[in-house]
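Everything below belongs to upload.csv, which stores CSV, C-alpha atoms.
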```
chain,number,residue,atom,x,y,z
Q,135,MET,CA,27.3,-12.6,22.4
Q,136,ARG,CA,26.2,-10.5,19.4
Q,137,GLU,CA,29.0,-11.9,17.2
Q,138,GLU,CA,28.1,-15.4,18.1
Q,139,LEU,CA,24.5,-14.7,17.1
Q,140,LEU,CA,25.4,-13.2,13.8
Q,141,GLU,CA,27.7,-16.2,13.0
Q,142,GLN,CA,24.8,-18.5,13.9
Q,143,LEU,CA,22.4,-16.6,11.6
Q,144,GLU,CA,24.9,-16.9,8.7
Q,145,GLU,CA,25.3,-20.6,9.4
Q,146,TRP,CA,21.5,-21.1,9.4
Q,147,HIS,CA,21.2,-19.2,6.1
Q,148,GLU,CA,23.7,-21.6,4.5
Q,149,GLU,CA,21.8,-24.6,5.9
Q,150,ASP,CA,18.4,-23.2,4.8
Q,151,GLU,CA,17.3,-23.1,8.4
Q,152,PHE,CA,15.2,-20.0,7.8
Q,153,GLU,CA,12.5,-20.8,10.5
Q,154,ALA,CA,15.3,-20.9,13.0
Q,155,ILE,CA,16.5,-17.5,12.0
Q,156,VAL,CA,12.9,-16.0,12.3
Q,157,ASP,CA,12.4,-17.6,15.7
Q,158,ALA,CA,15.8,-16.4,17.0
Q,159,ILE,CA,15.3,-12.8,15.9
Q,160,THR,CA,11.6,-12.5,16.9
Q,161,GLU,CA,12.6,-13.5,20.4
Q,162,ILE,CA,14.5,-10.3,20.6
Q,163,PRO,CA,12.3,-7.3,21.5
Q,164,GLU,CA,11.6,-5.2,18.4
Q,165,GLU,CA,13.1,-2.1,19.9
Q,166,GLU,CA,16.4,-3.9,20.5
Q,167,ARG,CA,16.8,-5.1,16.9
Q,168,ASP,CA,19.2,-3.1,14.8
Q,169,TYR,CA,19.6,-2.7,11.0
Q,170,VAL,CA,21.6,-5.9,10.7
Q,171,LEU,CA,19.2,-8.1,12.6
Q,172,THR,CA,16.2,-6.8,10.8
Q,173,SER,CA,17.9,-7.3,7.5
Q,174,HIS,CA,18.5,-11.0,8.5
Q,175,LEU,CA,14.9,-11.3,9.4
Q,176,GLY,CA,13.6,-9.9,6.2
Q,177,ARG,CA,16.0,-12.1,4.2
Q,178,ALA,CA,14.8,-15.2,6.0
Q,179,LEU,CA,11.1,-14.2,5.5
Q,180,ASN,CA,11.8,-13.8,1.8
Q,181,ASN,CA,13.3,-17.3,1.7
Q,182,LEU,CA,10.2,-18.6,3.4
Q,183,GLU,CA,8.1,-16.9,0.8
Q,184,ARG,CA,6.5,-14.7,3.5
Q,185,TYR,CA,6.9,-11.7,1.3
Q,186,GLU,CA,4.4,-9.3,2.8
Q,187,GLU,CA,6.0,-9.8,6.2
Q,188,ALA,CA,9.4,-9.3,4.6
Q,189,VAL,CA,8.3,-6.0,3.1
Q,190,GLU,CA,7.1,-4.8,6.5
Q,191,GLN,CA,10.5,-5.6,8.0
Q,192,PHE,CA,12.5,-3.9,5.2
Q,193,LEU,CA,10.3,-0.8,5.3
Q,194,SER,CA,11.0,-0.5,9.1
Q,195,ILE,CA,14.7,0.2,8.2
Q,196,ALA,CA,14.1,2.0,5.0
Q,197,GLU,CA,15.9,5.2,6.0
Q,198,GLU,CA,19.1,3.2,6.9
Q,199,GLY,CA,18.9,1.1,3.8
Q,200,GLN,CA,18.8,3.8,1.2
Q,201,GLU,CA,22.5,3.5,0.4
Q,202,ASP,CA,22.7,-0.3,0.8
Q,203,PRO,CA,22.3,-2.2,-2.5
Q,204,LEU,CA,21.3,-5.4,-0.6
Q,205,TRP,CA,18.4,-3.6,1.1
Q,206,HIS,CA,17.1,-2.5,-2.3
Q,207,TYR,CA,17.7,-5.9,-3.8
Q,208,ARG,CA,15.9,-7.8,-1.0
Q,209,ILE,CA,12.8,-5.6,-0.9
Q,210,GLY,CA,12.8,-5.6,-4.7
Q,211,LEU,CA,12.7,-9.4,-4.6
Q,212,ALA,CA,9.7,-9.4,-2.1
Q,213,TYR,CA,7.8,-6.9,-4.3
Q,214,TYR,CA,8.5,-9.0,-7.4
Q,215,TYR,CA,7.0,-12.1,-5.9
Q,216,LEU,CA,4.1,-10.1,-4.6
Q,217,GLU,CA,3.6,-9.1,-8.3
Q,218,GLN,CA,4.1,-5.4,-7.4
Q,219,TYR,CA,6.3,-5.0,-10.4
Q,220,ASP,CA,6.6,-1.2,-10.4
Q,221,ASN,CA,7.8,-1.2,-6.8
Q,222,ALA,CA,10.2,-4.0,-7.6
Q,223,ARG,CA,11.6,-2.2,-10.7
Q,224,GLU,CA,12.2,0.9,-8.6
Q,225,ALA,CA,14.1,-1.1,-6.0
Q,226,PHE,CA,16.2,-3.1,-8.4
Q,227,GLU,CA,17.1,0.0,-10.4
Q,228,ALA,CA,18.3,1.6,-7.1
Q,229,ALA,CA,20.3,-1.5,-6.4
Q,230,ASP,CA,21.9,-1.4,-9.8
Q,231,ARG,CA,22.8,2.3,-9.3
Q,232,LEU,CA,24.5,1.5,-6.1
Q,233,GLU,CA,26.2,-1.7,-7.3
Q,234,PRO,CA,26.2,-1.6,-11.1
Q,235,GLY,CA,26.4,-4.8,-13.1
Q,236,ASP,CA,25.2,-7.4,-10.6
Q,237,GLU,CA,23.9,-10.3,-12.6
Q,238,ASP,CA,21.0,-11.2,-10.3
Q,239,THR,CA,19.7,-7.6,-10.2
Q,240,LEU,CA,19.9,-7.3,-14.0
Q,241,GLU,CA,18.1,-10.6,-14.4
Q,242,PHE,CA,15.2,-9.4,-12.2
Q,243,LEU,CA,15.0,-6.2,-14.2
Q,244,GLU,CA,14.7,-8.2,-17.4
Q,245,TRP,CA,12.0,-10.4,-15.9
Q,246,ILE,CA,10.1,-7.3,-14.7
Q,247,ARG,CA,10.2,-5.8,-18.2
Q,248,GLY,CA,8.6,-9.0,-19.5
Q,249,LYS,CA,5.9,-9.0,-16.8
Q,250,THR,CA,5.1,-5.3,-17.3
Q,251,GLU,CA,4.6,-5.9,-21.0
Q,252,GLU,CA,2.2,-8.7,-20.2
Q,253,GLN,CA,0.3,-6.5,-17.8
Q,254,GLU,CA,0.0,-3.7,-20.4
Q,255,GLU,CA,-1.4,-6.2,-23.0
Q,256,GLU,CA,-3.9,-7.6,-20.4
Q,257,ALA,CA,-4.9,-4.0,-19.4
Q,258,ALA,CA,-5.5,-3.1,-23.0
Q,259,VAL,CA,-7.8,-6.1,-23.5
Q,260,SER,CA,-9.6,-5.4,-20.2
Q,261,ALA,CA,-10.2,-1.8,-21.2
Q,262,VAL,CA,-11.9,-2.9,-24.4
Q,263,GLU,CA,-13.9,-5.7,-22.8
Q,264,ALA,CA,-14.9,-4.0,-19.5
Q,265,PRO,CA,-18.6,-2.9,-19.3
Q,266,THR,CA,-19.3,0.8,-19.0
Q,267,GLY,CA,-18.6,2.2,-15.5
Q,268,GLN,CA,-16.5,-0.9,-14.5
Q,269,ALA,CA,-13.2,-0.2,-16.3
Q,270,SER,CA,-10.3,-1.7,-14.3
Q,271,ILE,CA,-7.7,0.4,-12.6
Q,272,PRO,CA,-4.4,0.1,-14.5
Q,273,ALA,CA,-1.9,-2.0,-12.6
Q,274,ASP,CA,0.7,0.7,-12.6
Q,275,THR,CA,-1.5,3.6,-11.6
Q,276,ASP,CA,-0.1,3.8,-8.1
Q,277,VAL,CA,3.5,4.4,-9.0
Q,278,THR,CA,3.7,6.0,-12.4
Q,279,ASP,CA,0.8,8.4,-12.2
Q,280,PHE,CA,-1.5,8.2,-9.2
Q,281,TRP,CA,0.5,8.6,-5.9
Q,282,ASP,CA,2.6,11.6,-4.9
Q,283,ASP,CA,5.0,9.9,-2.5
Q,284,GLY,CA,7.2,13.1,-2.4
Q,285,ALA,CA,4.4,15.1,-0.7
Q,286,GLU,CA,5.3,16.4,2.7
Q,287,ALA,CA,2.5,14.6,4.5
Q,288,ALA,CA,2.7,11.3,2.5
Q,289,ASP,CA,4.3,9.4,5.3
Q,290,SER,CA,1.2,10.1,7.5
Q,291,PHE,CA,-0.8,7.7,5.3
Q,292,ILE,CA,1.5,5.1,3.7
Q,293,MET,CA,1.8,1.7,5.3
Q,294,ALA,CA,3.0,-1.7,4.2
Q,295,PRO,CA,0.6,-3.6,1.9
Q,296,PRO,CA,-2.1,-5.3,3.9
Q,297,THR,CA,-2.3,-9.1,4.3
Q,298,ASP,CA,-5.6,-11.0,3.6
Q,299,ASP,CA,-5.9,-11.5,7.4
Q,300,LEU,CA,-5.5,-7.8,8.1
Q,301,VAL,CA,-8.1,-6.9,5.4
Q,302,GLU,CA,-10.6,-9.4,7.0
Q,303,SER,CA,-9.9,-8.0,10.5
Q,304,ILE,CA,-10.4,-4.4,9.3
Q,305,GLU,CA,-13.7,-5.3,7.6
Q,306,GLU,CA,-14.9,-7.0,10.8
Q,307,GLU,CA,-14.1,-3.9,12.8
Q,308,LEU,CA,-15.7,-1.6,10.4
Q,309,VAL,CA,-18.7,-3.9,9.8
Q,310,PHE,CA,-18.5,-3.2,6.1
Q,311,LYS,CA,-17.0,-5.2,3.2
Q,312,LEU,CA,-14.4,-3.0,1.4
Q,313,PRO,CA,-14.6,-2.6,-2.4
Q,314,ALA,CA,-12.5,-5.2,-4.2
Q,315,ALA,CA,-10.8,-2.6,-6.4
Q,316,TYR,CA,-9.8,-0.6,-3.4
Q,317,ILE,CA,-8.3,-3.6,-1.7
Q,318,ARG,CA,-6.3,-4.5,-4.9
Q,319,MET,CA,-5.0,-0.9,-5.0
Q,320,MET,CA,-4.0,-0.9,-1.4
Q,321,LYS,CA,-2.1,-4.2,-1.8
Q,322,VAL,CA,0.1,-2.4,-4.2
Q,323,HIS,CA,0.3,1.0,-2.4
Q,324,ASN,CA,-1.4,1.2,1.0
Q,325,GLY,CA,-2.8,4.7,1.5
Q,326,GLY,CA,-1.2,8.0,0.4
Q,327,ILE,CA,-1.6,11.3,-1.3
Q,328,PRO,CA,-2.7,11.3,-4.9
Q,329,ARG,CA,-1.2,13.6,-7.5
Q,330,ARG,CA,-4.7,14.3,-8.8
Q,331,ARG,CA,-6.7,15.5,-5.8
Q,332,TYR,CA,-9.7,17.2,-7.3
Q,333,PHE,CA,-13.1,15.7,-8.2
Q,334,PRO,CA,-15.5,17.7,-10.3
Q,335,VAL,CA,-19.0,17.9,-9.0
Q,336,THR,CA,-21.6,17.9,-11.8
Q,337,SER,CA,-25.3,18.4,-12.1
Q,338,GLY,CA,-26.7,17.2,-15.4
Q,339,ASP,CA,-24.2,18.5,-18.1
Q,340,ALA,CA,-23.0,21.3,-16.0
Q,341,THR,CA,-20.0,21.4,-13.6
Q,342,GLU,CA,-21.0,23.0,-10.3
Q,343,GLY,CA,-17.6,23.0,-8.7
Q,344,ARG,CA,-15.1,20.5,-7.3
Q,345,ILE,CA,-14.0,18.9,-4.0
Q,346,GLU,CA,-10.4,18.5,-2.9
Q,347,ILE,CA,-9.0,15.5,-1.0
Q,348,ALA,CA,-5.9,15.6,1.1
Q,349,GLY,CA,-5.2,11.8,1.2
Q,350,VAL,CA,-6.6,8.3,0.9
Q,351,LEU,CA,-6.8,6.2,4.1
Q,352,GLY,CA,-5.1,2.9,3.8
Q,353,ILE,CA,-6.1,-0.5,5.2
Q,354,GLY,CA,-4.7,-0.9,8.7
Q,355,ARG,CA,-4.4,0.6,12.2
Q,356,GLU,CA,-0.7,1.5,12.3
Q,357,LYS,CA,-1.0,5.1,11.0
Q,358,ARG,CA,-3.3,7.7,12.6
Q,359,LEU,CA,-4.7,8.4,9.2
Q,360,SER,CA,-5.7,4.8,8.3
Q,361,LEU,CA,-9.1,3.2,8.2
Q,362,CYS,CA,-8.9,2.0,11.8
Q,363,GLY,CA,-6.2,4.3,13.1
Q,364,GLU,CA,-6.6,6.8,15.9
Q,365,ALA,CA,-7.9,9.5,13.5
Q,366,GLY,CA,-9.5,7.0,11.1
Q,367,SER,CA,-13.1,6.3,10.0
Q,368,ARG,CA,-14.7,5.5,13.3
Q,369,HIS,CA,-13.0,8.4,15.0
Q,370,MET,CA,-14.2,10.8,12.4
Q,371,ILE,CA,-17.7,9.5,12.4
Q,372,GLU,CA,-18.0,9.5,16.2
Q,373,SER,CA,-16.1,12.7,17.0
Q,374,ARG,CA,-16.9,14.9,14.1
Q,375,GLY,CA,-20.5,14.1,13.4
Q,376,TYR,CA,-20.2,12.5,10.0
Q,377,PRO,CA,-23.3,10.4,9.0
Q,378,GLU,CA,-23.5,6.7,9.8
Q,379,ILE,CA,-23.6,5.6,6.2
Q,380,GLY,CA,-20.4,3.7,5.8
Q,381,VAL,CA,-16.7,4.3,5.9
Q,382,VAL,CA,-14.5,7.4,5.6
Q,383,LEU,CA,-12.3,6.8,2.5
Q,384,CYS,CA,-10.5,10.2,2.1
Q,385,VAL,CA,-9.8,13.2,4.3
Q,386,CYS,CA,-10.1,16.7,2.9
Q,387,PRO,CA,-8.1,19.9,3.7
Q,388,SER,CA,-11.0,21.0,5.8
Q,389,GLU,CA,-11.8,18.9,8.8
Q,390,ALA,CA,-15.4,19.6,8.2
Q,391,GLU,CA,-15.4,17.6,5.0
Q,392,ALA,CA,-14.7,14.0,4.0
Q,393,VAL,CA,-15.2,11.5,1.1
Q,394,MET,CA,-17.0,8.3,2.2
Q,395,LEU,CA,-18.0,4.9,1.0
Q,396,ASP,CA,-21.8,5.0,1.1
Q,397,TYR,CA,-23.4,1.6,1.7
Q,398,ARG,CA,-27.0,2.8,2.1
Q,399,ALA,CA,-28.2,1.4,-1.2
Q,400,ALA,CA,-25.9,-1.6,-1.4
Q,401,GLY,CA,-26.0,-2.9,2.1
Q,402,ASN,CA,-22.9,-3.7,4.2
Q,403,ASP,CA,-21.6,-6.4,1.8
Q,404,GLY,CA,-22.4,-4.6,-1.4
Q,405,GLU,CA,-20.6,-2.2,-3.7
Q,406,PRO,CA,-20.7,1.3,-2.1
Q,407,GLU,CA,-21.1,4.6,-3.9
Q,408,ILE,CA,-18.6,7.4,-3.3
Q,409,VAL,CA,-20.0,10.5,-1.7
Q,410,HIS,CA,-18.8,13.8,-0.3
Q,411,VAL,CA,-20.1,14.9,3.2
Q,412,ASP,CA,-19.8,18.3,4.8
Q,413,GLN,CA,-20.7,18.5,8.5
Q,414,ARG,CA,-21.5,22.2,8.0
Q,415,HIS,CA,-24.4,21.1,5.8
Q,416,PRO,CA,-25.4,17.8,7.6
Q,417,ASP,CA,-28.5,17.3,5.4
Q,418,LYS,CA,-26.5,17.4,2.1
Q,419,ILE,CA,-24.6,14.3,0.9
Q,420,THR,CA,-23.2,14.8,-2.6
Q,421,ARG,CA,-22.9,11.7,-4.8
Q,422,LEU,CA,-19.5,11.7,-6.6
Q,423,ALA,CA,-19.2,8.3,-8.3
Q,424,PRO,CA,-21.0,5.0,-8.5
Q,425,ASN,CA,-18.0,3.0,-7.3
Q,426,PHE,CA,-14.4,3.2,-6.3
Q,427,GLN,CA,-13.0,2.7,-9.8
Q,428,ALA,CA,-15.0,5.5,-11.2
Q,429,PHE,CA,-13.9,7.8,-8.4
Q,430,VAL,CA,-10.2,7.1,-8.9
Q,431,GLN,CA,-10.5,7.6,-12.7
Q,432,GLY,CA,-12.5,10.8,-12.1
Q,433,LEU,CA,-9.8,12.6,-10.1
Q,434,VAL,CA,-8.1,15.5,-11.9
Q,435,HIS,CA,-5.2,17.9,-11.4
Q,436,GLU,CA,-5.8,21.4,-10.0
```
Target format structure tokens, applied to this file:
Amino acid sequence: MREELLEQLEEWHEEDEFEAIVDAITEIPEEERDYVLTSHLGRALNNLERYEEAVEQFLSIAEEGQEDPLWHYRIGLAYYYLEQYDNAREAFEAADRLEPGDEDTLEFLEWIRGKTEEQEEEAAVSAVEAPTGQASIPADTDVTDFWDDGAEAADSFIMAPPTDDLVESIEEELVFKLPAAYIRMMKVHNGGIPRRRYFPVTSGDATEGRIEIAGVLGIGREKRLSLCGEAGSRHMIESRGYPEIGVVLCVCPSEAEAVMLDYRAAGNDGEPEIVHVDQRHPDKITRLAPNFQAFVQGLVHE
């Protein structure tokens, strides 16, 4: 029975019947799908240009795919068309290491070099033109400098990039509109542990100290440490006594502390400030940055 199904899937691929492949595989309970079936599903989703769904499927078999050049190639293709060029380059470079000289892989790597150069030029222009306090976050911040995916607890935060429908659903559940810069960043790398985890707290020209964050909550419900996960924003506000001022953005090493999006001045649909709260001092809310961009750019190493 299984061999007949695999033969049928290959036949449908050759006939470009990609919807038939998706329908056939999704009828099988998820827990009964193995590496081969999930690979077929991700491949068909790529061919249907449903790249975000394809990434989700490939990430679900990431551990088994590490030594498979096709797994790296296919997830690289999905990242490329999602314009997540750093993730795509990493995937295609892995595919090239495992199967050197493949013409399609090398062609994608060449295209990515061109796209990266374009982004760097655009970022340079944006940095010059952006008004004070509104500088854009570099497109490659997540991979080259910002995230520490090798950290022991990183997997507790990281999820597949959110779809527009998921973002809208999360905003409805939270009753707050998330910052556009935060959404853009999560669409490249959804949640995680930054390399720079300290934010200096200043008063006037003097530095009073610093706060440390343990991770940034991603957009979703899948992981406990996501905005609407079991241990997410609502849970922290309701069970730990954090103020009803907005959304918990970052957890801290101490469960008594958190970094939040503060909507008091902006309203639920406005641009929130970034604040630090400490339930040991409930009357004290410390303003860290005027917006998400400034907060990200203000993080420093230990």
Contact table segment 277-370 of chain Q vs segment 164-185 of chain Q, cut-off 12 Å, shortest pair per residue, only C-alpha atoms, as a tab-separated table:
```
residue	atom	partner	partner_atom	distance
Q:Ala294	CA	Q:Tyr185	CA	11.1
Q:Pro295	CA	Q:Tyr185	CA	10.3
Q:Pro296	CA	Q:Tyr185	CA	11.3
Q:Thr297	CA	Q:Tyr185	CA	10.0
```
In the coordinate frame of the file, compute which residues have an atom within 8 Å of (-25.4, 6.1, 1.2) when using all atoms listed in the file, and state them as a list in words.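 The answer, in the requested form, is Ile379, Gly380, Leu395, Asp396, Tyr397, Arg398, Ala399, Pro406, Glu407 and Val409 of chain Q.
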Provide the atom CA of Asn221 of chain Q to atom CA of Phe242 of chain Q distance in Å, to one decimal place.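 For atom CA of Asn221 of chain Q relative to atom CA of Phe242 of chain Q, the distance reads 12.3 Å.
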Please write as an MDAnalysis selection string the list of polymer residues whose atoms come within 12 Å of (-20.8, 21.9, 5.0), counting all atoms listed in the file and keeping to the coordinates of the file. chainID Q and resid 345 375:376 388:392 410:420
Counting all atoms listed in the file, closest pick from Q:Asn425, Q:Thr239, Q:Gln142, Q:Gln431 relative to Leu211 of chain Q is Q:Thr239
Rounded to one decimal, what separation in Å do you get between atom CA of Gly349 of chain Q and atom CA of Ile292 of chain Q? 9.8 Å
As an exercise, work out the distance from atom CA of Glu346 of chain Q to atom CA of Pro387 of chain Q in Å and give it to one decimal place.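 Going from atom CA of Glu346 of chain Q over to atom CA of Pro387 of chain Q, I get 7.1 Å.
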Considering only C-alpha atoms, return as a PDB file with C-alpha atoms, in the frame of the given file whatever protein or nucleic-acid residues lie within 10 Å of Gly284 of chain Q, sequence-local ones (same chain, fewer than 3 positions apart) excluded.
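Result saved to out-v4.pdb:
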```pdb
ATOM      1  CA  TRP Q 281       0.500   8.600  -5.900  1.00  0.00           C
ATOM      2  CA  ALA Q 287       2.500  14.600   4.500  1.00  0.00           C
ATOM      3  CA  ALA Q 288       2.700  11.300   2.500  1.00  0.00           C
ATOM      4  CA  ASP Q 289       4.300   9.400   5.300  1.00  0.00           C
ATOM      5  CA  ILE Q 327      -1.600  11.300  -1.300  1.00  0.00           C
ATOM      6  CA  ARG Q 329      -1.200  13.600  -7.500  1.00  0.00           C
TER       7      ARG Q 329
END
```
Quick one: residues within 7 Å of segment 361-369 of chain Q, all atoms listed in the file, excluding same-chain residues fewer than 4 positions away - as a list in words? Leu351, Gly352, Ile353, Gly354, Arg355, Glu356, Lys357, Ser373, Val381 and Val382 of chain Q
Rank Q:Gly248, Q:Pro313, Q:Gly404, Q:Gly326 by their smallest atom-to-atom distance to Asp282 of chain Q, using only C-alpha atoms, and report the top residue only. Q:Gly326
Shell around Tyr214 of chain Q at 10 Å using all atoms listed in the file, local window under 6 positions removed, as a ChimeraX atom specification: /Q:185,208,220-223,225-226,242-243,245-246,249
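Of the residues under consideration (Q:Asp403, Q:Glu149, Q:Glu201, Q:Glu190), Q:Asp403 shows the shortest atom-to-atom contact distance to Glu305 of chain Q when counting all atoms listed in the file.
Across Q:Asp150, Q:Glu186, Q:Glu137, Q:Glu436, the tightest approach to Glu217 of chain Q is made by Q:Glu186 when counting all atoms listed in the file.
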